[in-house]
$ cat protein.cif   # mmCIF, C-alpha atoms
data_target
loop_
_atom_site.label_atom_id
_atom_site.label_comp_id
_atom_site.auth_asym_id
_atom_site.auth_seq_id
_atom_site.Cartn_x
_atom_site.Cartn_y
_atom_site.Cartn_z
CA MET S 1 -16.98 -5.52 -16.41
CA LEU S 2 -16.51 -7.10 -19.85
CA THR S 3 -18.84 -4.51 -21.36
CA LEU S 4 -16.74 -1.74 -19.78
CA ILE S 5 -13.57 -3.23 -21.26
CA HIS S 6 -15.15 -3.69 -24.70
CA ASP S 7 -16.62 -0.17 -24.77
CA ARG S 8 -13.32 1.44 -23.71
CA VAL S 9 -11.34 -0.49 -26.32
CA ALA S 10 -13.94 0.25 -29.04
CA ALA S 11 -13.80 3.97 -28.21
CA ILE S 12 -10.01 4.00 -28.53
CA ASP S 13 -9.58 1.63 -31.49
CA PRO S 14 -12.69 -0.01 -33.00
CA LYS S 15 -10.53 -2.55 -34.86
CA SER S 16 -9.16 -3.94 -31.59
CA ALA S 17 -12.56 -4.46 -29.97
CA ARG S 18 -13.77 -8.05 -30.04
CA PRO S 19 -16.48 -9.99 -28.24
CA ALA S 20 -15.57 -11.58 -24.92
CA SER S 21 -14.55 -15.23 -25.00
CA MET S 22 -15.22 -17.78 -22.27
CA ARG S 23 -11.59 -17.40 -21.20
CA ASP S 24 -12.10 -13.64 -20.84
CA ARG S 25 -15.18 -14.28 -18.71
CA ARG S 26 -13.29 -16.74 -16.50
CA LYS S 27 -10.31 -14.40 -16.05
CA VAL S 28 -12.49 -11.41 -15.16
CA HIS S 29 -14.40 -13.61 -12.71
CA GLU S 30 -11.08 -14.62 -11.07
CA LEU S 31 -10.07 -10.97 -10.84
CA LEU S 32 -13.38 -9.98 -9.27
CA THR S 33 -13.13 -12.74 -6.65
CA GLU S 34 -9.85 -11.17 -5.46
CA ARG S 35 -10.72 -7.47 -5.93
CA SER S 36 -13.78 -5.30 -5.50
CA LEU S 37 -15.67 -4.06 -8.53
CA ALA S 38 -15.09 -0.44 -7.47
CA GLU S 39 -11.32 -0.99 -7.24
CA VAL S 40 -11.18 -2.66 -10.66
CA GLU S 41 -13.25 0.10 -12.27
CA THR S 42 -11.12 2.85 -10.68
CA ILE S 43 -7.90 1.29 -11.88
CA LEU S 44 -9.27 0.59 -15.37
CA ASP S 45 -10.52 4.18 -15.67
CA TRP S 46 -6.99 5.35 -14.93
CA ALA S 47 -5.36 2.75 -17.22
CA TYR S 48 -7.51 3.58 -20.25
CA GLY S 49 -6.50 7.21 -19.85
CA ASN S 50 -2.81 6.28 -19.84
CA PRO S 51 -1.19 5.75 -23.26
CA ARG S 52 1.18 3.15 -21.81
CA TRP S 53 -1.64 0.72 -20.96
CA ILE S 54 -4.23 1.33 -23.69
CA SER S 55 -2.80 -1.18 -26.15
CA TRP S 56 -2.29 -3.89 -23.52
CA LEU S 57 -5.75 -4.00 -21.93
CA VAL S 58 -7.78 -5.16 -24.94
CA ASP S 59 -9.74 -8.02 -23.36
CA GLY S 60 -10.59 -9.65 -20.02
CA THR S 61 -7.63 -12.02 -20.15
CA MET S 62 -5.14 -9.19 -20.60
CA VAL S 63 -6.81 -7.09 -17.88
CA GLU S 64 -6.46 -9.95 -15.40
CA ARG S 65 -2.85 -10.64 -16.46
CA TYR S 66 -1.65 -7.04 -16.12
CA PHE S 67 -3.92 -5.83 -13.30
CA ALA S 68 -1.22 -6.02 -10.60
CA GLN S 69 1.25 -4.12 -12.78
CA VAL S 70 -1.31 -1.42 -13.57
CA SER S 71 -2.06 -1.14 -9.84
CA LEU S 72 1.63 -0.70 -9.09
CA ASP S 73 1.95 1.88 -11.86
CA ILE S 74 -0.92 3.96 -10.52
CA ARG S 75 0.56 3.85 -7.03
CA ALA S 76 3.95 4.97 -8.31
CA LYS S 77 2.32 7.91 -10.08
CA GLN S 78 0.37 8.81 -6.93
CA ALA S 79 3.54 8.68 -4.83
CA ARG S 80 5.26 11.15 -7.17
CA GLY S 81 2.30 13.51 -6.91
CA PRO S 82 0.20 15.07 -9.64
CA GLN S 83 2.13 16.19 -12.70
CA ARG S 84 1.32 19.70 -13.88
CA SER S 85 1.64 19.69 -17.64
CA GLY S 86 -1.33 21.90 -18.37
CA SER S 87 -3.87 19.13 -17.84
CA HIS S 88 -6.00 18.50 -14.79
CA THR S 89 -5.47 15.52 -12.52
CA THR S 90 -8.22 12.92 -12.77
CA ALA S 91 -10.15 11.67 -9.75
CA ALA S 92 -8.78 8.14 -10.30
CA GLU S 93 -5.21 9.43 -9.83
CA LEU S 94 -6.09 10.94 -6.46
CA THR S 95 -8.24 8.08 -5.14
CA PRO S 96 -6.22 5.71 -2.97
CA VAL S 97 -7.15 2.07 -3.58
CA HIS S 98 -5.07 0.26 -0.94
CA ASP S 99 -2.19 1.00 1.36
CA PRO S 100 0.60 -0.81 -0.53
CA ASP S 101 2.88 -0.90 2.54
CA ARG S 102 0.37 -2.73 4.75
CA PRO S 103 1.24 -6.42 5.17
CA VAL S 104 -1.55 -8.90 4.49
CA ALA S 105 -1.65 -12.37 6.07
CA VAL S 106 -1.47 -15.03 3.35
CA SER S 107 -1.68 -18.80 3.71
CA SER S 108 -0.38 -21.37 1.27
CA GLY S 109 -0.19 -25.14 1.10
CA LEU S 110 2.95 -25.10 3.28
CA ALA S 111 2.67 -21.93 5.38
CA TRP S 112 -0.08 -20.44 7.52
CA ARG S 113 -0.90 -16.70 7.78
CA VAL S 114 2.46 -15.19 6.86
CA PRO S 115 2.56 -11.39 6.42
CA VAL S 116 3.22 -10.39 2.79
CA TYR S 117 3.91 -6.74 2.00
CA GLY S 118 1.83 -5.73 -1.00
CA GLY S 119 -0.48 -8.70 -0.54
CA GLY S 120 -3.46 -6.40 -1.01
CA ILE S 121 -2.26 -5.50 -4.51
CA LEU S 122 -0.62 -8.70 -5.71
CA SER S 123 -2.71 -11.76 -6.51
CA VAL S 124 -3.19 -14.43 -3.86
CA ALA S 125 -1.70 -17.09 -6.17
CA LEU S 126 1.45 -15.00 -6.62
CA CYS S 127 1.80 -14.57 -2.84
CA GLN S 128 1.28 -18.31 -2.26
CA ALA S 129 3.93 -19.15 -4.88
CA HIS S 130 6.27 -16.77 -3.03
CA LEU S 131 5.67 -18.52 0.31
CA ASP S 132 6.09 -21.98 -1.20
CA GLY S 133 9.28 -20.97 -3.06
CA GLU S 134 8.02 -21.98 -6.50
CA ALA S 135 10.54 -19.62 -8.12
CA GLY S 136 13.97 -18.49 -7.06
CA GLN S 137 14.19 -15.41 -4.88
CA ALA S 138 15.88 -13.42 -7.66
CA GLU S 139 12.92 -14.07 -10.03
CA CYS S 140 10.16 -13.70 -7.42
CA PRO S 141 7.92 -10.69 -8.19
CA VAL S 142 6.71 -10.53 -4.57
CA CYS S 143 10.30 -10.16 -3.33
CA ALA S 144 10.92 -7.59 -6.06
CA TYR S 145 7.84 -5.60 -5.03
CA ASP S 146 9.05 -5.10 -1.44
CA ARG S 147 12.45 -6.12 -0.06
CA ARG S 148 10.88 -6.96 3.29
CA ASN S 149 9.24 -9.98 1.61
CA GLN S 150 12.65 -11.60 1.05
CA ALA S 151 12.65 -12.76 4.68
CA THR S 152 9.56 -14.90 4.05
CA HIS S 153 10.52 -16.25 0.61
CA ALA S 154 10.08 -20.06 0.58
CA ILE S 155 9.20 -20.04 4.28
CA GLY S 156 6.68 -22.79 3.61
CA LEU S 157 9.46 -25.08 2.34
CA ASP S 158 11.59 -24.29 5.41
CA GLN S 159 8.68 -25.10 7.75
CA ALA S 160 7.91 -28.33 5.88
CA GLU S 161 11.55 -29.48 6.02
CA HIS S 162 11.75 -28.67 9.75
CA ALA S 163 8.55 -30.61 10.45
CA GLU S 164 9.87 -33.59 8.46
CA GLU S 165 13.15 -33.59 10.42
CA SER S 166 11.24 -33.46 13.72
CA HIS S 167 9.07 -36.36 12.58
CA GLU S 168 12.14 -38.44 11.66
CA GLU S 169 13.74 -37.71 15.08
CA ALA S 170 10.55 -38.74 16.87
CA LYS S 171 10.53 -42.08 15.01
CA SER S 172 14.13 -42.83 16.06
#
$ encode --input "protein.cif" --output "structure tokens"
Amino acid sequence: MLTLIHDRVAAIDPKSARPASMRDRRKVHELLTERSLAEVETILDWAYGNPRWISWLVDGTMVERYFAQVSLDIRAKQARGPQRSGSHTTAAELTPVHDPDRPVAVSSGLAWRVPVYGGGILSVALCQAHLDGEAGQAECPVCAYDRRNQATHAIGLDQAEHAEESHEEAKS
């Protein structure tokens, strides 16, 4: 995967290409534990053909950081349909990667198997932070991705508080 990233960047701008660091290796490994190699390659093929993303995806760390956003961008372009500007549509633009509307069961430290819409696209850590309410609902990217996720924002905190109240009542 790192060779693919390096070769693509070198082909576009040889000055930007640099050898992979240990951090790049770690970040790509994290990405590949959450996503399949075929999915990552398909999305990167599309991203390196898109002028918006070329300058952002210069190493493994940046690919891991922006992968969810690139995935959302490709889905938005697919939803609008192929643009006819004299060029042909690439296979990556027509290949569906996931159904973004399908909820995925996610567990966190405070909640167990809660459906998260877009959980197949967004990182597991992001979904867990959503369930545990680590950020306010207005700043939560999972809630912003799909409004249906607002109902489960910080549900882990609610469940933990309810369990604590029940425990206190039982002691009385």
$ resolve_selection --input "protein.cif" --expression "the PyMOL selection byres ((chain S and resi 44-57) around 10)" --output "MDAnalysis selection string"
chainID S and resid 1 4:6 8:9 12:13 16 38:43 58:67 69:71 73:74 90:93
$ closest_residue --input "protein.cif" --among "S:Asn149, S:Gln159, S:Ser21, S:Thr33" --to "Trp112 (chain S)" --atoms "only C-alpha atoms"
S:Gln159
$ atom_distance --input "protein.cif" --atom1 "CA of Arg113 (chain S)" --atom2 "CA of Cys127 (chain S)"
11.2 Å
$ atom_distance --input "protein.cif" --atom1 "CA of Ala11 (chain S)" --atom2 "CA of Leu31 (chain S)"
23.2 Å
$ closest_residue --input "protein.cif" --among "S:Arg18, S:Val116, S:His29, S:Ala76" --to "Ala129 (chain S)" --atoms "all atoms listed in the file"
S:Val116
$ atom_distance --input "protein.cif" --atom1 "CA of Ile155 (chain S)" --atom2 "CA of Ser36 (chain S)"
29.0 Å
$ residues_around --input "protein.cif" --residues "Val124 (chain S)" --least-positions-apart "3" --cutoff "10 Å" --atoms "all atoms listed in the file" --output "list in words"
Glu34, Val106, Ser107, Ser108, Gly119, Gly120, Ile121, Cys127, Gln128, Ala129 and His130 of chain S
